[in-house]
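What's in coords04.cif: mmCIF, C-alpha atoms and all ligand atoms
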data_work
loop_
_atom_site.label_atom_id
_atom_site.label_comp_id
_atom_site.auth_asym_id
_atom_site.auth_seq_id
_atom_site.Cartn_x
_atom_site.Cartn_y
_atom_site.Cartn_z
CA MET A 765 -29.51 36.54 47.45
CA PHE A 766 -27.86 34.33 50.00
CA ARG A 767 -29.14 31.17 48.39
CA ASN A 768 -27.99 32.27 44.94
CA ALA A 769 -24.54 33.10 46.24
CA ARG A 770 -24.28 29.69 47.85
CA VAL A 771 -25.32 27.96 44.67
CA ARG A 772 -22.74 29.86 42.66
CA HIS A 773 -20.12 29.07 45.26
CA THR A 774 -20.93 25.38 45.12
CA ILE A 775 -20.81 25.34 41.33
CA GLY A 776 -17.49 27.16 41.46
CA MET A 777 -15.98 24.53 43.72
CA ASN A 778 -17.19 21.75 41.48
CA ASN A 779 -15.74 23.33 38.36
CA LYS A 780 -12.42 23.80 40.09
CA GLY A 781 -12.47 20.18 41.19
CA VAL A 782 -13.32 19.02 37.68
CA ARG A 783 -10.54 21.18 36.22
CA GLN A 784 -8.05 19.66 38.65
CA MET A 785 -9.22 16.15 37.77
CA ASN A 786 -8.86 16.97 34.08
CA LYS A 787 -5.39 18.33 34.65
CA LEU A 788 -4.33 15.20 36.54
CA PHE A 789 -5.85 13.03 33.83
CA PHE A 790 -3.90 14.79 31.09
CA VAL A 791 -0.66 14.59 33.06
CA LEU A 792 -1.19 10.84 33.52
CA MET A 793 -2.04 10.38 29.84
CA PHE A 794 1.07 12.33 28.87
CA VAL A 795 3.31 10.19 31.07
CA LEU A 796 1.65 7.01 29.81
CA SER A 797 1.97 7.95 26.15
CA ALA A 798 5.61 8.98 26.67
CA CYS A 799 6.31 5.51 28.11
CA LEU A 800 4.53 3.74 25.27
CA GLN A 801 6.26 5.91 22.71
CA SER A 802 9.77 5.29 24.01
CA ASP A 803 9.07 1.54 23.92
CA SER A 804 7.87 1.54 20.32
CA ASP A 805 10.67 3.91 19.28
CA ALA A 806 13.32 1.51 20.51
CA VAL A 807 13.41 -0.60 17.36
CA MET A 808 16.27 -0.55 14.89
CA GLU A 809 16.46 -2.44 11.62
CA VAL A 810 19.94 -3.08 10.31
CA GLU A 811 20.82 -4.27 6.81
CA VAL A 812 23.33 -7.13 6.81
CA ARG A 813 25.64 -7.37 3.77
CA ASP A 814 28.21 -9.85 2.52
CA THR A 815 31.81 -8.99 1.59
CA ALA A 816 30.68 -8.02 -1.95
CA GLY A 817 28.22 -5.51 -0.48
CA ASP A 818 25.10 -7.51 -1.37
CA SER A 819 22.24 -7.60 1.15
CA LEU A 820 21.67 -10.86 2.99
CA GLY A 821 18.66 -9.63 4.95
CA THR A 822 18.03 -7.79 8.18
CA ALA A 823 18.80 -7.79 11.87
CA THR A 824 16.10 -6.11 13.95
CA PHE A 825 17.15 -4.76 17.35
CA THR A 826 14.68 -4.10 20.16
CA GLU A 827 15.00 -3.35 23.88
CA HIS A 828 14.41 -6.42 26.04
CA PRO A 829 14.27 -6.81 29.86
CA GLU A 830 17.47 -8.90 29.74
CA GLY A 831 19.32 -6.85 27.13
CA VAL A 832 18.84 -6.23 23.44
CA GLN A 833 16.90 -8.70 21.35
CA ILE A 834 18.29 -9.33 17.86
CA LYS A 835 15.98 -10.92 15.32
CA LEU A 836 17.88 -12.23 12.31
CA GLU A 837 16.18 -12.86 8.96
CA LEU A 838 18.96 -13.76 6.55
CA GLU A 839 19.51 -15.74 3.35
CA GLY A 840 22.64 -16.80 1.52
CA ILE A 841 24.64 -17.77 4.61
CA PRO A 842 26.79 -20.92 4.18
CA PRO A 843 24.93 -23.80 5.89
CA GLY A 844 26.16 -24.68 9.39
CA PRO A 845 27.14 -22.84 12.57
CA HIS A 846 28.66 -19.35 12.61
CA GLY A 847 30.10 -17.07 15.25
CA ILE A 848 28.32 -13.74 15.56
CA HIS A 849 29.30 -10.71 17.64
CA VAL A 850 28.70 -7.03 18.10
CA HIS A 851 31.97 -5.29 17.16
CA GLU A 852 33.22 -1.92 18.40
CA ASN A 853 33.18 0.24 15.22
CA PRO A 854 30.17 1.16 13.05
CA LYS A 855 32.16 0.42 9.88
CA CYS A 856 31.59 -2.43 7.41
CA ASP A 857 34.26 -1.70 4.81
CA PRO A 858 34.72 -4.49 2.23
CA LEU A 859 36.29 -6.88 1.64
CA ASP A 860 37.26 -8.19 5.06
CA PHE A 861 35.33 -5.95 7.52
CA THR A 862 38.42 -5.44 9.69
CA SER A 863 37.18 -1.83 9.91
CA ALA A 864 34.61 -3.11 12.44
CA GLY A 865 37.44 -3.53 14.95
CA GLU A 866 37.41 -5.85 17.95
CA HIS A 867 34.42 -7.12 19.93
CA PHE A 868 32.32 -4.49 21.71
CA ASP A 869 33.72 -4.65 25.24
CA PRO A 870 32.92 -1.65 27.46
CA GLY A 871 33.49 -3.80 30.59
CA ASP A 872 37.08 -4.78 29.63
CA MET A 873 36.45 -8.54 29.72
CA GLU A 874 37.94 -11.50 27.86
CA HIS A 875 36.28 -13.20 24.93
CA GLY A 876 33.87 -16.08 25.21
CA LEU A 877 30.49 -17.03 26.64
CA MET A 878 32.21 -20.07 28.24
CA ASN A 879 35.19 -18.10 29.54
CA PRO A 880 35.10 -17.43 33.34
CA LYS A 881 36.89 -14.11 32.64
CA GLY A 882 34.37 -13.22 29.94
CA PRO A 883 32.36 -12.53 28.05
CA HIS A 884 32.70 -9.41 25.97
CA LEU A 885 29.41 -7.53 26.01
CA GLY A 886 29.30 -8.11 22.23
CA ASP A 887 29.57 -11.91 22.45
CA LEU A 888 26.56 -13.90 21.24
CA PRO A 889 25.70 -17.60 20.94
CA ASN A 890 26.44 -19.16 17.54
CA ILE A 891 23.79 -19.06 14.84
CA GLU A 892 23.00 -21.92 12.46
CA ALA A 893 22.17 -21.51 8.79
CA ASP A 894 19.95 -24.29 7.42
CA ASP A 895 20.65 -26.31 4.25
CA SER A 896 19.15 -23.55 2.10
CA GLY A 897 21.33 -20.89 3.75
CA LYS A 898 18.55 -19.32 5.77
CA VAL A 899 18.85 -17.96 9.30
CA ASP A 900 15.67 -17.08 11.19
CA VAL A 901 16.42 -16.74 14.89
CA GLU A 902 16.14 -14.42 17.87
CA LEU A 903 19.17 -13.81 20.09
CA ILE A 904 19.60 -11.80 23.29
CA LEU A 905 22.65 -9.58 23.71
CA ALA A 906 22.67 -9.84 27.51
CA GLU A 907 23.05 -6.68 29.64
CA ALA A 908 23.22 -4.38 26.62
CA THR A 909 20.82 -1.54 25.83
CA LEU A 910 19.77 -0.13 22.49
CA LEU A 911 19.65 3.56 23.36
CA ASP A 912 20.69 4.78 26.81
CA GLY A 913 23.41 3.79 29.25
CA LYS A 914 27.06 2.79 29.23
CA ASN A 915 26.28 -0.56 27.58
CA SER A 916 24.37 1.03 24.70
CA ILE A 917 25.26 -0.44 21.31
CA THR A 918 24.31 2.83 19.58
CA LYS A 919 26.33 5.08 21.92
CA GLY A 920 28.48 7.60 20.07
CA GLU A 921 28.76 6.60 16.42
CA GLY A 922 27.47 3.10 17.16
CA THR A 923 28.76 -0.44 16.63
CA SER A 924 28.39 -3.24 14.09
CA LEU A 925 27.11 -6.80 13.82
CA ILE A 926 29.57 -9.33 12.34
CA ILE A 927 28.99 -12.92 11.24
CA HIS A 928 32.03 -15.18 10.91
CA GLU A 929 32.79 -18.09 8.60
CA SER A 930 33.13 -20.66 11.40
CA ALA A 931 31.62 -21.39 14.80
CA ASP A 932 32.81 -19.50 17.89
CA ASP A 933 34.31 -21.98 20.38
CA GLY A 934 33.24 -19.73 23.26
CA PHE A 935 36.71 -19.50 24.73
CA SER A 936 39.69 -18.74 22.41
CA GLN A 937 41.07 -15.18 22.29
CA PRO A 938 40.28 -12.81 20.77
CA SER A 939 37.34 -14.07 18.71
CA GLY A 940 36.60 -17.73 19.54
CA ASN A 941 38.55 -19.04 16.54
CA SER A 942 35.59 -18.16 14.35
CA GLY A 943 37.59 -17.30 11.24
CA PRO A 944 37.10 -14.62 8.60
CA ARG A 945 34.26 -12.12 8.74
CA ILE A 946 31.64 -12.94 6.09
CA ALA A 947 28.80 -10.50 6.84
CA CYS A 948 28.43 -7.11 8.48
CA GLY A 949 25.76 -4.60 9.42
CA VAL A 950 26.19 -1.11 10.88
CA ILE A 951 24.31 -0.50 14.15
CA SER A 952 23.94 3.25 14.40
CA ASN A 953 21.33 5.90 15.00
CA SER A 954 22.75 7.77 12.02
CA ALA A 955 23.16 4.71 9.76
CA GLU A 956 22.62 4.94 6.01
CU CU A 1001 33.09 -11.16 15.56
ZN ZN A 1002 34.27 -11.56 22.14
#
Rendering of file as structure tokens:
Amino acid sequence: MFRNARVRHTIGMNNKGVRQMNKLFFVLMFVLSACLQSDSDAVMEVEVRDTAGDSLGTATFTEHPEGVQIKLELEGIPPGPHGIHVHENPKCDPLDFTSAGEHFDPGDMEHGLMNPKGPHLGDLPNIEADDSGKVDVELILAEATLLDGKNSITKGEGTSLIIHESADDGFSQPSGNSGPRIACGVISNSAE
């Protein structure tokens, strides 16, 4: 009797220990999968269109340790350098895209990556279209986030990505003397 009771007791302890280990394991797996999921979720593909509304390709946004990475795969851009910025409104109304508003600037800064009083959060280095009009490049929108936080480019209704006719000089107000807006894409969680 005594021996049997002891055996049962021992088995009971083991089962309890195993159950606790299992529980811990599942909690860890849940946390791990939640982390992995939120990483892979944080990708946004944005269609970029010209002033006639025709697609020029895509801009793919992903979270990056230094900000938001923007991968551009575009065709039909006039060869040469172009200013490119994240603008404050998620609106790409033809024909001039003024609906996109000013540069995204939650920190109330001046324009320009070379301006000591800048830059706007939405300021980006110029892109270059090759002789065939293609752009294939990855940019970093420094200190921005894709989803959460005060520097999120999808906060509220979202923002937009604008490409200009000319290069951004990195200094002139309010838009680096980069000329008319030639392409636009809406950056929004509820986009099209
Ligand atoms: Cu702009
Ligand atoms: Zn700016």
>> Using all atoms listed in the file, which residues of the polymer chains come no farther than 8 Å from ligand CU 1001 (chain A)? I'd like the answer as a list in words.
In response: Gly847, Ile848, His849, Val850, His851, Glu866, His867, Asp887, Leu925, Ile926, Ile927, His928, Ser939, Ser942 and Arg945 of chain A
>> Between atom CA of A:Ser952 and atom CA of A:Pro889, what is the distance in Å, rounded to a tenth?
In response: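 Interatomic distance here is 21.9 Å.
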> In terms of the shortest atom-to-atom distance over only C-alpha atoms, which of A:Gly913, A:Gly876, A:Gly949, A:Gly882 is closest to A:Gly934?
Replying inline: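 Closest to A:Gly934, using only C-alpha atoms: A:Gly876.
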>> With only C-alpha atoms as the counted atoms, please give the residues lying no more than 7 Å from stretch 808-820 of chain A, apart from itself and same-chain residues fewer than 2 positions off, as JSON, numbers by chain.
In response: {"A": [806, 822, 823, 824, 825, 826, 838, 839, 840, 858, 859, 860, 946, 947, 948, 949, 950, 951]}
> Residues around (22.2, -10.6, 20.0), cut-off 7 Å, counting all atoms listed in the file - what are they as a ChimeraX atom specification?
Replying inline: /A:832-834,888,903-905
The selected residues should be written to file as a short mmCIF file (atom, residue, chain, number, x, y, z; two decimals), keeping the file's coordinate frame (atoms: C-alpha atoms).
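See selection39.cif below for the written result:
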data_model
loop_
_atom_site.label_atom_id
_atom_site.label_comp_id
_atom_site.auth_asym_id
_atom_site.auth_seq_id
_atom_site.Cartn_x
_atom_site.Cartn_y
_atom_site.Cartn_z
CA VAL A 832 18.84 -6.23 23.44
CA GLN A 833 16.90 -8.70 21.35
CA ILE A 834 18.29 -9.33 17.86
CA LEU A 888 26.56 -13.90 21.24
CA LEU A 903 19.17 -13.81 20.09
CA ILE A 904 19.60 -11.80 23.29
CA LEU A 905 22.65 -9.58 23.71
#
>> Please report the interatomic distance between atom CA of A:Glu852 and atom CA of A:Ala864 in Å with one decimal.
In response: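 Computed distance, atom CA of A:Glu852 to atom CA of A:Ala864, equals 6.2 Å.
You can rank A:Pro883, A:Gly831, A:Ala893, A:Ser930 by their closest distance to A:Ala906 using all atoms listed in the file, and at the top of that list sits A:Gly831.
For the residues A:Asn941, A:Ser896, A:Asn853, A:Ser954, ranking by smallest atom-to-atom distance to ligand ZN 1002 (chain A) using all atoms listed in the file places A:Asn941 first.
Taking atom CA of A:Ser936 as the reference point, atom CA of A:Asn915 is found at 23.2 Å.
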>> Restricting the calculation to all atoms listed in the file: of A:Asp912, A:Glu874, A:Glu902, A:His884, which residue gets closest to A:Gln937?
In response: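 Smallest separation from A:Gln937 among the options: A:Glu874.
Nearest to ligand ZN 1002 (chain A) of all the residues A:Gly920, A:Pro854, A:Gly886, A:Pro944 is A:Gly886, based on only C-alpha atoms and all ligand atoms.
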> Which is closest to ligand ZN 1002 (chain A) among A:Met873, A:Ile891, A:Ile917, A:Val901, if we use all atoms listed in the file?
Replying inline: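 Nearest candidate to ligand ZN 1002 (chain A) out of A:Met873, A:Ile891, A:Ile917, A:Val901: A:Met873.
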>> Please list, as a PyMOL selection string, the residues that have an atom at most 12 Å away from (19.1, -26.9, 8.9) in the coordinates of this file, counting only C-alpha atoms.
In response: chain A and resi 841-845+891-900
